[in-house]
2 protein chains.
Amino acid sequence: MVDLLGLLAFGELTAFERMATDARMAPTLADKIELGRMAAAEFAHFEAIGNELHRLGVDLEQAMAPFVSALTAFHNLTAPSDWLESLVKAYVGDNIAADFYREIAGRLEPEPRSLVLSVLADTGHAAFAVERVRAAIASNPVMAGRLALWARRLVGEALTQAQRVAADRDALTGLLAGVGDLEEIAEIFNRIMAAHRQRMAALGLSA
Amino acid sequence: MVDLLGLLAFGELTAFERMATDARMAPTLADKIELGRMAAAEFAHFEAIGNELHRLGVDLEQAMAPFVSALTAFHNLTAPSDWLESLVKAYVGDNIAADFYREIAGRLEPEPRSLVLSVLADTGHAAFAVERVRAAIASNPVMAGRLALWARRLVGEALTQAQRVAADRDALTGLLAGVGDLEEIAEIFNRIMAAHRQRMAALGLSA
């Protein structure tokens with residue numbers, strides 16, 4: 001539970017930073033404001049998890065520590081080079097992460113489960129990203145190939161970093177508490193990738 | 001009034017973006033979280049001004065428009081190259097801007113005045129920046145010269161961009177409504193620069 005909250009907290013903190021940074025690339029003031037609003041919502045989620053960890057008597061920084069290097073490496077290795085890449089990254093990455101958290105949360109007690117699910121509530125980013133990316137592809141179909149490649153690279157880097165976290169037996173055991181065996185992990189993984197392929201189709205991209 | 005709120009809104013929006021971006025340079029997780037919290041507070045201020053403009057029946061983007069190019073140019077020309085430069089910039093720049101807004105707000109009716117003053121309420125950034133910069137100079141006195149030069153460059157760029165805004169007669173007239181004459185403007189300017197010198201001394205830097 002503490003491991004899950006620590007990962008989730010650092011995930012929200014980096015999502016906040018990334019969205020706020022991406023807002024600088026926004027092509028219009030309206031886009032900038034919308035992305036800023038979503039970033040502020042991520043920070044509020046981060047604070048909610050921090051308060052829960054505090055209530056549990058757990059140090060926030062210690063809870064996040066096992067995940068800092070992998071998540072930071074992921075973001076450093078996948079810095080978007082333009083506005084559309086940043087939208088695809090936020091949409092693809094945040095949803096894969098959210099699906100993973102939901103799989104784990106389903107195994108928690110009702111109280112922590114409802115906190116995790118409320119923190120995962122969509123900040124409106126999904127609809128925003130889908131609309132912007134689809135419009136960009138409609139006006140310039142060549143874009144679809146480049147963005148599809150970009151999404152594949154994101155998934156590849158995410159898996160690489162997930163393996164790094166998995167190599168730390170303690171962090172992995174803490175995270176997957178409640179998950180039965182390797183077969184169950186494979187099923188979770190398959191469900192997450194199936195949902196990812198559906199989202200790529202919603203963007204108008206081949207997975 | 002609308003011009004002041006428009007400038008203030010865009011100032012808060014860019015302050016949010018800048019603090020959130022600077023949080024990526026934070027040397028520790030605790031610093032990162034503190035800066036993120038201050039950035040989220042700036043965004044809440046931005047939303048408060050946006051709501052007030054909406055209440056007044058004014059379009060937020062139109063109100064911000066006269067100030068977008070000057071403020072964006074200022075930030076592009078003064079991108080901090082490290083964590084300490086980002087702290088000095090936030091401290092020096094935000095306070096000069098806040099002093100200017102307070103001078104103008106003093107001439108407003110009580111209701112808009114209290115909104116402006118509440119939005120200018122310190123988010124805790126000042127004490128945070130002073131403490132971090134003083135500690136850095138104490139452990140490495142050579143730093144003081146470089147950061148003092150940086151602060152002078154910030155003031156120079158700010159004045160350059162302020163002149164650009166002033167060259168737009170409509171924006172200037174709107175902003176300085178209630179300010180009597182050139183002599184009064186000179187007095188406001190002198191008060192703002194005197195306060196700036198005091199803040200530089202608080203940082204342990206020569207102005």
# chains A, B, ... in the order shown; residues from 1 in each chain; ligands from 1

$ interface_residues --of "chain B" --to "chain A" --cutoff "9 Å" --atoms "only C-alpha atoms" --output "CSV table (one decimal) with N, CA and C atoms, in the first residue's frame"
chain,number,residue,atom,x,y,z
B,13,LEU,N,0.0,33.5,-14.8
B,13,LEU,CA,0.1,32.3,-15.6
B,13,LEU,C,1.5,32.0,-16.0
B,14,THR,N,2.3,33.0,-16.3
B,14,THR,CA,3.7,32.7,-16.7
B,14,THR,C,4.5,32.4,-15.4
B,16,PHE,N,3.4,30.7,-12.9
B,16,PHE,CA,3.1,29.3,-12.7
B,16,PHE,C,3.9,28.4,-13.6
B,17,GLU,N,4.0,28.7,-14.9
B,17,GLU,CA,4.7,27.9,-15.8
B,17,GLU,C,6.2,27.9,-15.4
B,18,ARG,N,6.7,29.1,-15.1
B,18,ARG,CA,8.2,29.2,-14.8
B,18,ARG,C,8.5,28.4,-13.5
B,20,ALA,N,6.9,25.9,-12.2
B,20,ALA,CA,6.7,24.5,-12.4
B,20,ALA,C,7.9,23.9,-13.2
B,21,THR,N,8.4,24.7,-14.2
B,21,THR,CA,9.5,24.3,-15.0
B,21,THR,C,10.8,24.3,-14.1
B,22,ASP,N,10.9,25.3,-13.3
B,22,ASP,CA,12.1,25.4,-12.4
B,22,ASP,C,12.2,24.2,-11.4
B,23,ALA,N,11.0,23.7,-11.1
B,23,ALA,CA,10.9,22.6,-10.1
B,23,ALA,C,11.7,21.4,-10.6
B,24,ARG,N,11.8,21.3,-11.9
B,24,ARG,CA,12.6,20.2,-12.5
B,24,ARG,C,14.1,20.3,-12.2
B,29,LEU,N,14.0,16.4,-3.5
B,29,LEU,CA,12.6,16.2,-3.6
B,29,LEU,C,11.8,17.2,-2.8
B,30,ALA,N,12.3,17.6,-1.6
B,30,ALA,CA,11.6,18.6,-0.8
B,30,ALA,C,11.5,19.9,-1.5
B,32,LYS,N,11.6,20.4,-4.7
B,32,LYS,CA,10.7,20.2,-5.8
B,32,LYS,C,9.3,20.3,-5.4
B,33,ILE,N,8.9,19.7,-4.3
B,33,ILE,CA,7.6,19.8,-3.8
B,33,ILE,C,7.2,21.2,-3.4
B,36,GLY,N,6.7,23.3,-6.5
B,36,GLY,CA,5.4,22.8,-7.1
B,36,GLY,C,4.2,23.4,-6.4
B,37,ARG,N,4.3,23.4,-5.0
B,37,ARG,CA,3.1,23.9,-4.3
B,37,ARG,C,2.9,25.4,-4.5
B,39,ALA,N,3.9,27.0,-7.3
B,39,ALA,CA,3.4,27.1,-8.7
B,39,ALA,C,1.8,26.9,-8.7
B,40,ALA,N,1.4,25.9,-8.0
B,40,ALA,CA,-0.1,25.6,-7.9
B,40,ALA,C,-0.8,26.8,-7.3
B,41,ALA,N,-0.2,27.4,-6.3
B,41,ALA,CA,-0.9,28.6,-5.7
B,41,ALA,C,-1.0,29.7,-6.8
B,43,PHE,N,-1.3,29.4,-9.9
B,43,PHE,CA,-2.3,29.0,-10.9
B,43,PHE,C,-3.7,29.3,-10.3
B,44,ALA,N,-3.9,29.1,-9.0
B,44,ALA,CA,-5.1,29.4,-8.3
B,44,ALA,C,-5.4,31.0,-8.4
B,47,GLU,N,-6.6,31.8,-11.8
B,47,GLU,CA,-8.0,31.4,-11.9
B,47,GLU,C,-8.9,32.4,-11.3
B,61,GLU,N,-8.7,36.2,-22.6
B,61,GLU,CA,-7.6,36.2,-23.5
B,61,GLU,C,-7.4,37.6,-24.1

$ atom_distance --atom1 "CA of Gly57 in chain B" --atom2 "CA of Val2 in chain B"
10.3 Å

$ atom_distance --atom1 "CA of Ala126 in chain A" --atom2 "CA of Gln198 in chain A"
13.1 Å

$ residues_around --residues "range 138-148 of chain B" --least-positions-apart "6" --cutoff "8 Å" --atoms "only C-alpha atoms" --output "count of residues only"
7

$ atom_distance --atom1 "CA of His45 in chain B" --atom2 "CA of Ala90 in chain B"
16.0 Å

$ residues_around --residues "Ser114 in chain A" --least-positions-apart "4" --cutoff "12 Å" --atoms "only C-alpha atoms" --output "JSON list (two decimals) with C-alpha atoms, in the first residue's frame"
[["chain", "number", "residue", "atom", "x", "y", "z"],
["A", 49, "ILE", "CA", -1.72, 11.28, -1.52],
["A", 52, "GLU", "CA", -2.84, 10.21, 3.27],
["A", 101, "TYR", "CA", -2.80, 1.55, -10.61],
["A", 102, "ARG", "CA", -6.43, 0.49, -11.05],
["A", 105, "ALA", "CA", -6.19, -0.80, -6.36],
["A", 106, "GLY", "CA", -8.79, -3.49, -7.04],
["A", 107, "ARG", "CA", -6.89, -5.65, -4.55],
["A", 108, "LEU", "CA", -6.86, -3.06, -1.75],
["A", 109, "GLU", "CA", -9.25, -2.52, 1.16],
["A", 110, "PRO", "CA", -12.23, -0.25, 0.33],
["A", 118, "SER", "CA", -10.37, 9.35, -6.86],
["A", 119, "VAL", "CA", -6.78, 10.44, -7.51],
["A", 120, "LEU", "CA", -6.89, 8.63, -10.85],
["A", 121, "ALA", "CA", -10.05, 10.47, -11.88]]

$ select_by_dssp --residues "range 28-204 of chain B" --states "helix (DSSP H, G or I)" --output "VMD selection string"
chain B and resid 29 to 55 60 to 77 83 to 105 110 to 119 125 to 139 143 to 167 169 to 175 182 to 203

$ residues_around --residues "Pro66 in chain A" --least-positions-apart "4" --cutoff "9 Å" --atoms "only C-alpha atoms" --output "PyMOL selection string"
chain A and resi 3+6-7+62+70+165+168+171

$ write_last_selection --atoms "N, CA and C atoms" --output "PDB file, in the first residue's frame"
ATOM      1  N   ASP A   3       3.962   1.422  -0.903  1.00  0.00           N
ATOM      2  CA  ASP A   3       4.694   1.465  -2.175  1.00  0.00           C
ATOM      3  C   ASP A   3       3.811   2.001  -3.286  1.00  0.00           C
ATOM      4  N   GLY A   6       3.384   5.673  -2.816  1.00  0.00           N
ATOM      5  CA  GLY A   6       4.634   6.374  -3.126  1.00  0.00           C
ATOM      6  C   GLY A   6       4.840   6.507  -4.629  1.00  0.00           C
ATOM      7  N   LEU A   7       4.579   5.423  -5.347  1.00  0.00           N
ATOM      8  CA  LEU A   7       4.714   5.461  -6.808  1.00  0.00           C
ATOM      9  C   LEU A   7       3.709   6.444  -7.416  1.00  0.00           C
ATOM     10  N   GLN A  62      10.404   9.221   1.537  1.00  0.00           N
ATOM     11  CA  GLN A  62      10.854   7.823   1.608  1.00  0.00           C
ATOM     12  C   GLN A  62       9.961   6.909   0.782  1.00  0.00           C
ATOM     13  N   ALA A  70      13.754   5.597 -11.807  1.00  0.00           N
ATOM     14  CA  ALA A  70      13.143   5.011 -13.011  1.00  0.00           C
ATOM     15  C   ALA A  70      12.210   6.009 -13.697  1.00  0.00           C
ATOM     16  N   VAL A 165      12.476  -1.151 -12.122  1.00  0.00           N
ATOM     17  CA  VAL A 165      11.797  -1.161 -10.821  1.00  0.00           C
ATOM     18  C   VAL A 165      11.600  -2.606 -10.372  1.00  0.00           C
ATOM     19  N   ASP A 168      14.255  -4.451  -8.467  1.00  0.00           N
ATOM     20  CA  ASP A 168      14.350  -4.180  -7.034  1.00  0.00           C
ATOM     21  C   ASP A 168      13.247  -4.998  -6.352  1.00  0.00           C
ATOM     22  N   ALA A 171      10.731  -3.398  -3.833  1.00  0.00           N
ATOM     23  CA  ALA A 171       9.738  -2.481  -4.387  1.00  0.00           C
ATOM     24  C   ALA A 171       8.658  -3.255  -5.121  1.00  0.00           C
TER      25      ALA A 171
END

$ residues_around --residues "Arg191 in chain B" --least-positions-apart "5" --cutoff "12 Å" --atoms "only C-alpha atoms" --output "NGL selection string"
:B and (96 or 99-100 or 102-103 or 184-186 or 196-198)
